[in-house]
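Next comes coords_27.txt, a file with compact mmCIF, C-alpha atoms.
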```txt
# COMPACT_ATOMS: atom_id res chain seq x y z
CA MET L 1 24.63 -21.90 11.55
CA VAL L 2 27.03 -19.94 9.41
CA ALA L 3 25.96 -16.40 8.55
CA VAL L 4 26.65 -15.63 4.93
CA GLY L 5 26.03 -12.76 2.62
CA SER L 6 23.26 -10.60 3.99
CA LYS L 7 24.30 -7.36 5.58
CA CYS L 8 22.09 -4.78 7.24
CA ARG L 9 21.32 -1.97 4.81
CA THR L 10 21.87 0.60 7.55
CA CYS L 11 24.92 -0.55 9.52
CA ARG L 12 26.41 -3.40 7.41
CA GLY L 13 26.21 -5.73 10.42
CA SER L 14 24.85 -9.27 10.08
CA ALA L 15 21.25 -9.24 8.92
CA ILE L 16 18.53 -11.25 10.65
CA ILE L 17 15.81 -10.67 8.08
CA ASP L 18 15.50 -10.09 4.37
CA LEU L 19 12.65 -7.87 3.18
CA PRO L 20 12.37 -8.17 -0.59
CA ARG L 21 9.69 -5.47 -0.81
CA HIS L 22 12.23 -3.00 0.57
CA ASN L 23 15.00 -4.64 -1.46
CA ALA L 24 16.98 -4.73 1.77
CA ASN L 25 18.17 -6.78 4.74
CA PHE L 26 18.25 -5.56 8.32
CA CYS L 27 19.91 -6.37 11.64
CA ALA L 28 17.62 -6.58 14.69
CA GLU L 29 18.18 -2.98 15.75
CA HIS L 30 17.53 -1.47 12.35
CA PHE L 31 14.63 -3.80 11.62
CA MET L 32 12.94 -2.45 14.77
CA GLU L 33 13.72 1.07 13.61
CA LEU L 34 12.03 0.30 10.29
CA CYS L 35 8.92 -1.04 12.05
CA ARG L 36 8.67 2.02 14.28
CA ARG L 37 9.08 4.28 11.27
CA GLN L 38 6.33 2.50 9.34
CA VAL L 39 3.90 2.69 12.26
CA VAL L 40 4.65 6.37 12.89
CA LYS L 41 4.12 7.03 9.18
CA ALA L 42 0.74 5.29 9.25
CA ILE L 43 -0.35 7.09 12.43
CA ASP L 44 0.72 10.50 11.10
CA HIS L 45 -0.45 10.12 7.50
CA PHE L 46 -3.91 8.86 8.43
CA LYS L 47 -4.17 11.00 11.59
CA MET L 48 -4.89 7.91 13.66
CA LEU L 49 -3.91 8.93 17.18
CA THR L 50 -3.00 11.86 19.36
CA ARG L 51 -1.08 11.81 22.62
CA ASP L 52 -4.30 12.75 24.42
CA ASP L 53 -6.26 9.75 23.16
CA ARG L 54 -7.51 7.13 25.57
CA ILE L 55 -6.52 4.02 23.61
CA LEU L 56 -8.01 0.54 23.87
CA VAL L 57 -6.18 -2.22 21.97
CA ALA L 58 -8.13 -5.33 20.96
CA VAL L 59 -5.81 -8.17 21.98
CA SER L 60 -6.08 -11.80 20.92
CA GLY L 61 -2.78 -13.22 22.19
CA GLY L 62 -1.56 -13.49 18.58
CA LYS L 63 1.38 -11.69 17.00
CA ASP L 64 -0.42 -8.73 15.46
CA SER L 65 -2.37 -7.52 18.47
CA LEU L 66 0.57 -7.95 20.84
CA ALA L 67 2.89 -6.26 18.33
CA VAL L 68 0.61 -3.23 17.93
CA TRP L 69 0.18 -2.89 21.69
CA ASP L 70 3.96 -3.15 22.15
CA LEU L 71 4.70 -0.70 19.34
CA LEU L 72 2.28 1.90 20.70
CA LEU L 73 3.83 1.66 24.15
CA ASP L 74 7.30 1.77 22.60
CA LEU L 75 6.32 4.97 20.76
CA GLY L 76 5.16 6.56 24.00
CA TYR L 77 1.40 6.08 23.82
CA ARG L 78 -0.55 4.84 26.80
CA ALA L 79 -2.96 2.02 25.99
CA ASP L 80 -5.12 -0.54 27.75
CA GLY L 81 -5.96 -3.95 26.30
CA LEU L 82 -9.20 -5.83 25.72
CA TYR L 83 -9.24 -9.63 25.45
CA VAL L 84 -12.36 -11.52 24.39
CA GLY L 85 -12.53 -15.19 25.44
CA LEU L 86 -14.21 -16.86 22.49
CA GLY L 87 -14.53 -20.34 23.98
CA ILE L 88 -12.75 -22.09 21.11
CA GLY L 89 -11.45 -24.91 23.30
CA GLU L 90 -7.74 -25.13 24.04
CA TYR L 91 -6.98 -22.48 21.43
CA SER L 92 -8.81 -19.81 23.43
CA GLU L 93 -7.39 -20.98 26.75
CA THR L 94 -3.85 -20.71 25.39
CA SER L 95 -4.43 -17.35 23.70
CA ALA L 96 -5.64 -15.93 27.03
CA VAL L 97 -2.42 -17.05 28.70
CA TYR L 98 -0.33 -15.09 26.18
CA ALA L 99 -2.49 -11.96 26.42
CA ARG L 100 -2.41 -12.00 30.23
CA ALA L 101 1.33 -12.67 30.37
CA PHE L 102 2.07 -9.72 28.07
CA ALA L 103 -0.04 -7.40 30.23
CA GLU L 104 1.25 -8.69 33.57
CA GLN L 105 4.91 -8.49 32.55
CA ARG L 106 4.44 -4.83 31.64
CA ASP L 107 1.99 -3.92 34.39
CA LEU L 108 -0.71 -3.04 31.85
CA HIS L 109 -4.47 -2.98 32.27
CA LEU L 110 -6.18 -5.83 30.40
CA ILE L 111 -9.98 -5.95 30.30
CA GLU L 112 -11.33 -9.49 29.86
CA VAL L 113 -14.72 -10.44 28.47
CA LYS L 114 -15.69 -14.10 28.21
CA LEU L 115 -18.47 -15.02 25.84
CA ARG L 116 -19.51 -18.09 27.85
CA ASP L 117 -19.48 -16.35 31.23
CA ASP L 118 -20.80 -12.95 30.16
CA TYR L 119 -23.17 -13.84 27.33
CA GLY L 120 -23.91 -17.56 27.84
CA TYR L 121 -22.42 -18.91 24.62
CA ASP L 122 -19.18 -19.58 22.79
CA ILE L 123 -18.17 -19.46 19.12
CA PRO L 124 -18.53 -23.18 18.30
CA THR L 125 -22.04 -23.13 19.79
CA ALA L 126 -22.94 -19.89 18.01
CA ALA L 127 -21.78 -21.30 14.69
CA ARG L 128 -23.85 -24.42 15.13
CA ALA L 129 -26.94 -22.74 16.62
CA THR L 130 -27.14 -19.97 14.01
CA ARG L 131 -25.77 -22.02 11.08
CA ARG L 132 -23.20 -19.33 10.47
CA VAL L 133 -19.64 -19.88 9.33
CA PRO L 134 -17.58 -19.80 12.59
CA CYS L 135 -15.55 -16.78 11.43
CA SER L 136 -18.79 -14.87 10.82
CA ALA L 137 -20.14 -15.59 14.32
CA CYS L 138 -16.74 -14.72 15.76
CA GLY L 139 -16.39 -11.45 13.85
CA MET L 140 -19.86 -10.27 14.77
CA SER L 141 -19.33 -11.11 18.45
CA LYS L 142 -15.95 -9.42 18.63
CA ARG L 143 -17.08 -6.25 16.84
CA HIS L 144 -20.00 -5.81 19.22
CA ILE L 145 -17.90 -6.41 22.33
CA PHE L 146 -15.06 -4.18 21.09
CA ASP L 147 -17.51 -1.34 20.43
CA LYS L 148 -19.26 -1.75 23.76
CA ALA L 149 -16.06 -1.99 25.79
CA ALA L 150 -14.56 1.08 24.11
CA LEU L 151 -17.67 3.20 24.62
CA ASP L 152 -18.42 1.95 28.15
CA GLY L 153 -14.80 2.50 29.18
CA GLY L 154 -14.67 6.05 27.84
CA TYR L 155 -11.91 5.23 25.35
CA THR L 156 -11.56 7.68 22.46
CA VAL L 157 -10.14 5.15 20.02
CA LEU L 158 -10.11 1.40 19.48
CA VAL L 159 -6.91 -0.01 17.97
CA THR L 160 -6.84 -3.31 16.10
CA GLY L 161 -3.85 -5.30 14.86
CA HIS L 162 -4.91 -5.50 11.21
CA ASN L 163 -1.76 -5.59 9.10
CA LEU L 164 -1.01 -5.04 5.42
CA ASP L 165 -1.72 -8.69 4.58
CA ASP L 166 -5.11 -8.54 6.31
CA GLU L 167 -6.10 -5.38 4.48
CA ALA L 168 -4.81 -6.55 1.10
CA ALA L 169 -6.64 -9.88 1.48
CA VAL L 170 -9.94 -8.21 2.39
CA LEU L 171 -9.48 -5.79 -0.50
CA PHE L 172 -8.76 -8.73 -2.81
CA GLY L 173 -11.96 -10.50 -1.74
CA ASN L 174 -14.08 -7.38 -2.03
CA THR L 175 -12.59 -6.63 -5.45
CA LEU L 176 -13.26 -10.15 -6.73
CA ARG L 177 -16.92 -9.47 -5.97
CA TRP L 178 -16.76 -5.74 -6.84
CA ASP L 179 -18.50 -5.24 -3.54
CA VAL L 180 -18.63 -1.45 -3.64
CA GLU L 181 -20.35 -1.04 -0.27
CA TYR L 182 -17.60 -2.97 1.51
CA LEU L 183 -14.81 -1.46 -0.59
CA ALA L 184 -16.02 1.99 0.44
CA ARG L 185 -15.48 1.29 4.13
CA GLN L 186 -12.11 -0.41 3.83
CA LEU L 187 -10.11 2.39 5.36
CA PRO L 188 -7.33 2.46 7.96
CA VAL L 189 -9.43 4.83 10.07
CA LEU L 190 -13.16 4.52 10.71
CA GLU L 191 -14.46 7.64 12.36
CA ALA L 192 -16.75 7.45 15.39
CA ARG L 193 -20.49 7.46 14.76
CA ALA L 194 -23.39 7.24 17.15
CA GLY L 195 -22.91 3.95 18.99
CA PHE L 196 -19.55 3.20 17.36
CA PRO L 197 -16.10 4.17 18.62
CA ARG L 198 -13.33 5.51 16.38
CA LYS L 199 -11.28 2.58 15.02
CA VAL L 200 -7.73 2.66 13.69
CA LYS L 201 -5.24 0.18 12.25
CA PRO L 202 -1.65 1.34 12.93
CA LEU L 203 -0.07 -1.81 11.40
CA VAL L 204 -1.33 -1.26 7.84
CA ARG L 205 2.20 -0.49 6.66
CA LEU L 206 3.66 -3.73 8.09
CA THR L 207 3.23 -7.22 6.65
CA GLU L 208 2.44 -10.06 8.99
CA ARG L 209 5.90 -11.50 8.38
CA GLU L 210 7.19 -8.21 9.78
CA THR L 211 4.84 -8.16 12.79
CA ALA L 212 5.83 -11.75 13.61
CA ALA L 213 9.50 -10.81 13.29
CA TRP L 214 8.90 -7.79 15.57
CA CYS L 215 7.55 -10.13 18.25
CA ILE L 216 10.48 -12.54 17.91
CA VAL L 217 13.08 -9.79 18.03
CA ARG L 218 11.36 -8.15 21.01
CA GLY L 219 11.03 -11.45 22.87
CA ILE L 220 7.23 -11.35 22.87
CA ASP L 221 5.66 -14.79 23.29
CA TYR L 222 2.53 -15.15 21.23
CA LEU L 223 0.18 -17.88 20.12
CA VAL L 224 1.70 -19.19 16.90
CA ASP L 225 -0.91 -21.81 16.06
CA GLU L 226 -3.76 -20.83 13.79
CA CYS L 227 -7.34 -20.78 15.05
CA PRO L 228 -8.65 -24.30 14.35
CA MET L 229 -11.93 -22.87 13.12
CA ALA L 230 -10.27 -20.54 10.59
CA LEU L 231 -8.40 -23.32 8.77
CA GLY L 232 -9.34 -23.33 5.11
CA ASN L 233 -11.29 -20.07 5.15
CA LYS L 234 -11.41 -17.72 2.15
CA HIS L 235 -9.32 -15.07 3.86
CA LEU L 236 -6.38 -17.50 4.12
CA ALA L 237 -6.83 -18.48 0.47
CA TYR L 238 -6.68 -14.81 -0.57
CA LYS L 239 -3.54 -14.29 1.49
CA SER L 240 -1.94 -17.32 -0.08
CA ALA L 241 -2.76 -16.04 -3.58
CA LEU L 242 -1.35 -12.60 -2.80
CA ASN L 243 1.81 -14.06 -1.29
CA ALA L 244 2.36 -16.13 -4.43
CA ILE L 245 2.27 -12.86 -6.40
CA GLU L 246 4.42 -11.08 -3.82
CA GLU L 247 7.13 -13.73 -4.04
CA THR L 248 7.67 -13.08 -7.74
CA SER L 249 6.83 -9.36 -7.59
CA PRO L 250 7.89 -7.89 -4.23
CA GLY L 251 5.87 -4.85 -3.18
CA SER L 252 2.68 -6.01 -4.92
CA LYS L 253 0.60 -6.19 -1.73
CA ALA L 254 1.60 -2.69 -0.65
CA GLY L 255 0.95 -1.34 -4.15
CA PHE L 256 -2.42 -3.04 -4.35
CA TYR L 257 -3.60 -1.68 -0.99
CA PHE L 258 -2.08 1.80 -0.89
CA ASN L 259 -2.94 2.63 -4.48
CA PHE L 260 -6.50 1.67 -3.64
CA ILE L 261 -6.43 3.96 -0.62
CA ASP L 262 -4.93 6.83 -2.62
CA ASN L 263 -6.78 6.46 -5.91
CA MET L 264 -9.99 4.49 -5.43
CA ALA L 265 -11.17 5.06 -1.88
CA PRO L 266 -11.80 8.80 -2.47
CA LEU L 267 -14.03 7.91 -5.43
CA LEU L 268 -16.07 5.57 -3.24
CA ALA L 269 -16.64 8.03 -0.39
CA GLY L 270 -20.25 7.93 0.75
CA ARG L 271 -20.91 4.55 -0.87
CA ALA L 272 -20.46 2.42 2.28
CA LEU L 273 -23.44 0.37 3.38
CA ALA L 274 -23.78 2.29 6.64
CA ASP L 275 -23.70 5.71 4.95
CA GLY L 276 -27.31 5.68 3.85
CA LEU L 277 -28.81 3.83 6.79
CA GLU L 278 -30.99 5.26 9.52
CA LEU L 279 -29.89 3.52 12.70
CA GLY L 280 -32.01 3.15 15.78
CA ALA L 281 -31.12 1.63 19.14
CA CYS L 282 -31.41 -2.10 19.88
CA SER L 283 -34.31 -2.59 22.29
CA ASN L 284 -32.20 -5.08 24.23
CA CYS L 285 -28.69 -3.60 24.47
CA GLY L 286 -28.95 -0.11 22.97
CA ALA L 287 -26.41 -0.78 20.20
CA PRO L 288 -27.06 0.78 16.77
CA THR L 289 -29.28 -1.34 14.56
CA THR L 290 -31.57 -1.08 11.56
CA GLY L 291 -34.15 -3.32 13.25
CA ASN L 292 -35.71 -3.61 16.65
CA VAL L 293 -33.06 -5.99 18.00
CA CYS L 294 -29.44 -5.90 16.81
CA ALA L 295 -27.78 -8.82 15.03
CA PHE L 296 -25.52 -9.51 18.00
CA CYS L 297 -28.44 -9.84 20.43
CA HIS L 298 -30.19 -12.16 17.96
CA LEU L 299 -27.06 -14.30 17.79
CA ALA L 300 -26.51 -14.27 21.56
CA GLU L 301 -30.13 -15.20 22.26
CA THR L 302 -30.09 -18.12 19.82
CA ALA L 303 -26.64 -19.39 20.81
CA SER L 304 -27.16 -19.12 24.56
CA ALA L 305 -30.34 -21.20 24.31
CA HIS L 306 -28.43 -23.98 22.54
CA ALA L 307 -26.59 -26.78 24.35
CA PRO L 308 -22.81 -26.16 24.31
CA VAL L 309 -21.14 -27.56 21.19
CA PRO L 310 -17.53 -28.81 21.42
CA VAL L 311 -15.16 -27.14 18.98
CA GLU L 312 -14.21 -30.49 17.44
CA LEU L 313 -17.78 -31.06 16.32
CA VAL L 314 -17.94 -27.79 14.41
CA MET L 315 -14.46 -28.27 12.93
CA LYS L 316 -15.41 -31.67 11.51
CA LYS L 317 -18.50 -30.26 9.90
CA GLY L 318 -16.65 -27.23 8.56
CA ARG L 319 -13.80 -29.26 7.07
CA GLY L 320 -16.21 -31.56 5.32
CA LYS L 321 -17.67 -28.65 3.41
CA ARG L 322 -14.37 -27.29 2.21
CA MET G 1 19.60 -30.57 11.38
CA LYS G 2 16.40 -30.79 13.36
CA VAL G 3 13.57 -28.87 11.67
CA LEU G 4 10.36 -27.97 13.51
CA LEU G 5 7.34 -27.46 11.28
CA ARG G 6 3.89 -26.26 12.32
CA ASN G 7 0.27 -26.89 11.41
CA PRO G 8 0.55 -29.68 12.35
CA SER G 9 3.57 -29.52 14.66
CA ARG G 10 6.23 -32.05 13.69
CA GLU G 11 10.00 -32.52 13.71
CA ILE G 12 11.95 -33.64 10.67
CA GLU G 13 15.67 -34.37 10.23
CA VAL G 14 17.20 -32.64 7.21
CA ALA G 15 20.79 -32.99 6.07
CA GLY G 16 22.94 -29.85 6.08
CA PRO G 17 24.52 -27.63 5.01
CA ARG G 18 21.59 -25.92 3.37
CA ARG G 19 20.59 -22.31 2.77
CA VAL G 20 17.37 -21.02 4.38
CA HIS G 21 15.68 -20.34 1.06
CA ALA G 22 16.59 -23.86 -0.13
CA LEU G 23 15.07 -25.32 3.02
CA LEU G 24 11.82 -23.42 2.40
CA ALA G 25 11.85 -24.57 -1.21
CA LYS G 26 12.33 -28.18 -0.11
CA PHE G 27 9.06 -28.00 1.83
CA GLU G 28 7.40 -25.88 -0.91
CA LEU G 29 6.86 -23.04 1.54
CA ASN G 30 6.46 -19.39 0.48
CA ARG G 31 9.08 -17.11 2.06
CA GLU G 32 6.48 -14.34 2.44
CA SER G 33 4.44 -16.62 4.68
CA HIS G 34 7.24 -17.91 6.91
CA LEU G 35 10.10 -16.92 9.16
CA VAL G 36 13.04 -19.18 9.91
CA ILE G 37 14.53 -19.28 13.39
CA CYS G 38 17.88 -21.03 13.86
CA ASN G 39 19.00 -21.82 17.41
CA GLY G 40 16.60 -19.18 18.71
CA THR G 41 17.62 -16.39 16.30
CA LEU G 42 15.91 -15.10 13.16
CA VAL G 43 17.93 -15.76 10.03
CA PRO G 44 17.67 -14.30 6.50
CA GLY G 45 17.20 -16.31 3.31
CA ASP G 46 20.86 -16.76 2.47
CA ALA G 47 21.98 -17.96 5.92
CA GLU G 48 23.54 -21.39 5.80
CA LEU G 49 22.11 -24.00 8.16
CA LEU G 50 24.35 -26.78 9.45
CA ASP G 51 23.79 -30.35 10.61
CA ASP G 52 23.78 -29.56 14.33
CA ASP G 53 21.35 -26.61 14.08
CA VAL G 54 17.86 -26.61 15.53
CA VAL G 55 15.61 -24.83 13.06
CA GLU G 56 12.02 -23.69 13.36
CA ILE G 57 10.02 -22.79 10.27
CA ARG G 58 7.31 -20.55 11.64
CA PRO G 59 4.22 -19.70 9.60
CA VAL G 60 3.14 -16.08 9.99
CA ILE G 61 -0.24 -16.13 8.30
CA SER G 62 -3.33 -15.83 10.46
CA GLY G 63 -6.90 -16.29 9.34
CA GLY G 64 -8.88 -13.66 11.20
CA ALA G 65 -9.85 -10.36 9.63
```
Representation of the structure as structure tokens:
Amino acid sequence: MVAVGSKCRTCRGSAIIDLPRHNANFCAEHFMELCRRQVVKAIDHFKMLTRDDRILVAVSGGKDSLAVWDLLLDLGYRADGLYVGLGIGEYSETSAVYARAFAEQRDLHLIEVKLRDDYGYDIPTAARATRRVPCSACGMSKRHIFDKAALDGGYTVLVTGHNLDDEAAVLFGNTLRWDVEYLARQLPVLEARAGFPRKVKPLVRLTERETAAWCIVRGIDYLVDECPMALGNKHLAYKSALNAIEETSPGSKAGFYFNFIDNMAPLLAGRALADGLELGACSNCGAPTTGNVCAFCHLAETASAHAPVPVELVMKKGRGKR
Amino acid sequence: MKVLLRNPSREIEVAGPRRVHALLAKFELNRESHLVICNGTLVPGDAELLDDDVVEIRPVISGGA
């Protein structure tokens, strides 16, 4: 390979990455500096974390969650990890290997919850048993377990690896539907409420190309392959559409998301679905719910009573619909 | 050069020399959605790839939210 052209904006050394939205190229050292700066800016601007926080990072074994854990440690925060084994065949087995390796190499505490062992079901079975889209069953399961683990463990804040692309894609989907109740809660910080921990997203100023590059530059091994059950979902289609715009108009994703946060989110304050709801406690697990039994316990009860469903069976069905 | 593509994983031989952005264009891949790694090192869009290089085109988009 012959290096040509690109020089680091900061030091004029050979660049390893071009970032059109910054109209700049960076060497490894100054790319890392940029990432740190963006995360510090997000943490400070949105008042995400303090040095006294007990931090729990939701870790999947993918690039974003390992990058955010690594960045927080790099910036001097102390943080434990939480891995949820979703039972999505080989994909989940491999993702666990990456999450454990990251923690072991750095002598970090990683909490592990396995849906099959701890709740008697897995995501393919839940999708089939409840006739939900797999990503819906997965999201509901993870949110419940994240909340429970954070509260049970006495953590003051739950960190997730949502990046700028994730947030822009969700915003895009919610805007296509003008779903005001969801738009109103699309914030980089969700404050704690009864039964819910505080949740923050320190990577909102980094694209997923940048979080992947952070992992490569830092030598972090992560699961590159996409979840087989997510293939073809709407979220990926929204990301693809936004990246097509970004390629011809660099900075569009950041403008779309941060102008929403600055200009629209304040107008929607108080309009989130949860804002007007009276929540009681689930009679089974104690989690907040509008009914007698929470949605997670309904799902777990139905899915755990169903015979295990191999991931391939659900994938075939899902692909046929798309 | 040997080019590793993902989803599904496969290896393809491509003649060099060729710039990174031209390689992405050849496979109709968006540069916002991919990183290119040449002989184990990240490379920017205008890096020139040669016949004896081993190149990975790594997608960076994930589907969870």
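Shown here are all protein and nucleic acid residues lying within 12 Å of (22.5, -5.0, 9.6), with all atoms listed in the file considered: Ala3, Gly5, Ser6, Lys7, Cys8, Arg9, Thr10, Cys11, Arg12, Gly13, Ser14, Ala15, Ile16, Ile17, Asp18, Ala24, Asn25, Phe26, Cys27, Ala28, Glu29, His30, Phe31, Met32, Glu33 and Leu34 of chain L; Val43 and Pro44 of chain G.
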Would you save the residues of that selection, restricted to C-alpha atoms, as a short mmCIF file (atom, residue, chain, number, x, y, z; two decimals), in the frame of the given file?
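The new file part01.cif reads:
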```cif
data_model
loop_
_atom_site.label_atom_id
_atom_site.label_comp_id
_atom_site.auth_asym_id
_atom_site.auth_seq_id
_atom_site.Cartn_x
_atom_site.Cartn_y
_atom_site.Cartn_z
CA ALA L 3 25.96 -16.40 8.55
CA GLY L 5 26.03 -12.76 2.62
CA SER L 6 23.26 -10.60 3.99
CA LYS L 7 24.30 -7.36 5.58
CA CYS L 8 22.09 -4.78 7.24
CA ARG L 9 21.32 -1.97 4.81
CA THR L 10 21.87 0.60 7.55
CA CYS L 11 24.92 -0.55 9.52
CA ARG L 12 26.41 -3.40 7.41
CA GLY L 13 26.21 -5.73 10.42
CA SER L 14 24.85 -9.27 10.08
CA ALA L 15 21.25 -9.24 8.92
CA ILE L 16 18.53 -11.25 10.65
CA ILE L 17 15.81 -10.67 8.08
CA ASP L 18 15.50 -10.09 4.37
CA ALA L 24 16.98 -4.73 1.77
CA ASN L 25 18.17 -6.78 4.74
CA PHE L 26 18.25 -5.56 8.32
CA CYS L 27 19.91 -6.37 11.64
CA ALA L 28 17.62 -6.58 14.69
CA GLU L 29 18.18 -2.98 15.75
CA HIS L 30 17.53 -1.47 12.35
CA PHE L 31 14.63 -3.80 11.62
CA MET L 32 12.94 -2.45 14.77
CA GLU L 33 13.72 1.07 13.61
CA LEU L 34 12.03 0.30 10.29
CA VAL G 43 17.93 -15.76 10.03
CA PRO G 44 17.67 -14.30 6.50
#
```
Exercise. Rounded to one decimal in Å, what is the spacing between atom CA of Val189 of chain L and atom CA of Phe46 of chain L?
Worked result: 7.0 Å
Exercise. For chain L against chain G, which residues fall within 9 Å using all atoms listed in the file, given as a ChimeraX atom specification?
Worked result: /L:1-6,15-19,25-26,28,62-63,135,139,162,165-167,169-170,207-213,216-217,224-227,230-236,239-240,243-244,246-247
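Taking atom CA of Ala99 of chain L and atom CA of Met315 of chain L as the two end points, the separation is 24.3 Å.
Residue nearest Arg271 of chain L, chosen from L:Ala184, L:Met229, L:Cys294, L:Ile220 and counting only C-alpha atoms: L:Ala184.
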Problem set entry | Atom-to-atom span, atom CA of Ala149 of chain L and atom CA of Arg78 of chain L, Å |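 It comes out at 17.0 Å.
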Contact residues around Ala103 of chain L with all atoms listed in the file at 10 Å, ignoring same-chain residues under 4 positions, as a PDB file with C-alpha atoms, in the coordinates of the input:
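Listed below is the output, result.pdb:
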```pdb
ATOM      1  CA  LEU L  66       0.570  -7.950  20.840  1.00  0.00           C
ATOM      2  CA  TRP L  69       0.180  -2.890  21.690  1.00  0.00           C
ATOM      3  CA  ASP L  70       3.960  -3.150  22.150  1.00  0.00           C
ATOM      4  CA  ASP L  80      -5.120  -0.540  27.750  1.00  0.00           C
ATOM      5  CA  GLY L  81      -5.960  -3.950  26.300  1.00  0.00           C
ATOM      6  CA  TYR L  98      -0.330 -15.090  26.180  1.00  0.00           C
ATOM      7  CA  ALA L  99      -2.490 -11.960  26.420  1.00  0.00           C
ATOM      8  CA  ASP L 107       1.990  -3.920  34.390  1.00  0.00           C
ATOM      9  CA  LEU L 108      -0.710  -3.040  31.850  1.00  0.00           C
ATOM     10  CA  HIS L 109      -4.470  -2.980  32.270  1.00  0.00           C
ATOM     11  CA  LEU L 110      -6.180  -5.830  30.400  1.00  0.00           C
TER      12      LEU L 110
END
```
Problem set entry | Exercise: Ile88 of chain L partners within 8 Å, all atoms listed in the file, chain neighbours under 4 positions left out, as an NGL selection string | :L and (92-93 or 122-124 or 311)
Exercise. Which one of L:Tyr91, L:Tyr155, L:Trp214, L:Phe102 sits closest to Glu312 of chain L if you count only C-alpha atoms?
Worked result: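 Among the listed residues, L:Tyr91 lies closest to Glu312 of chain L.
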Exercise. Contacts of segment 117-121 of chain L at 12 Å or less, counting only C-alpha atoms, minus same-chain residues fewer than 3 places along, as a count of residues only?
Worked result: 36
Using the incomplete input, complete segment 41-54 of chain G to the level of N, CA and C atoms; output as a short mmCIF file (atom, residue, chain, number, x, y, z; two decimals), in the coordinates of the input.
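Writing the result to result-v3.cif gives the following:
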```
data_model
loop_
_atom_site.label_atom_id
_atom_site.label_comp_id
_atom_site.auth_asym_id
_atom_site.auth_seq_id
_atom_site.Cartn_x
_atom_site.Cartn_y
_atom_site.Cartn_z
N THR G 41 17.40 -17.70 16.93
CA THR G 41 17.62 -16.39 16.30
C THR G 41 17.04 -16.38 14.89
N LEU G 42 16.41 -15.26 14.54
CA LEU G 42 15.91 -15.10 13.16
C LEU G 42 17.08 -15.12 12.19
N VAL G 43 16.86 -15.74 11.04
CA VAL G 43 17.93 -15.76 10.03
C VAL G 43 17.34 -15.40 8.66
N PRO G 44 18.15 -14.69 7.84
CA PRO G 44 17.67 -14.30 6.50
C PRO G 44 17.79 -15.47 5.51
N GLY G 45 17.30 -15.24 4.31
CA GLY G 45 17.20 -16.31 3.31
C GLY G 45 18.51 -16.94 2.89
N ASP G 46 19.61 -16.17 2.95
CA ASP G 46 20.86 -16.76 2.47
C ASP G 46 21.74 -17.30 3.59
N ALA G 47 21.21 -17.36 4.82
CA ALA G 47 21.98 -17.96 5.92
C ALA G 47 22.13 -19.45 5.66
N GLU G 48 23.29 -19.97 6.03
CA GLU G 48 23.54 -21.39 5.80
C GLU G 48 23.29 -22.17 7.10
N LEU G 49 22.48 -23.19 7.00
CA LEU G 49 22.11 -24.00 8.16
C LEU G 49 22.95 -25.27 8.16
N LEU G 50 23.44 -25.64 9.35
CA LEU G 50 24.35 -26.78 9.45
C LEU G 50 23.68 -27.97 10.14
N ASP G 51 24.36 -29.10 10.10
CA ASP G 51 23.79 -30.35 10.61
C ASP G 51 23.36 -30.28 12.07
N ASP G 52 24.11 -29.55 12.89
CA ASP G 52 23.78 -29.56 14.33
C ASP G 52 22.85 -28.41 14.72
N ASP G 53 22.28 -27.72 13.77
CA ASP G 53 21.35 -26.61 14.08
C ASP G 53 19.95 -27.13 14.42
N VAL G 54 19.28 -26.37 15.26
CA VAL G 54 17.86 -26.61 15.53
C VAL G 54 17.08 -25.48 14.87
#
```
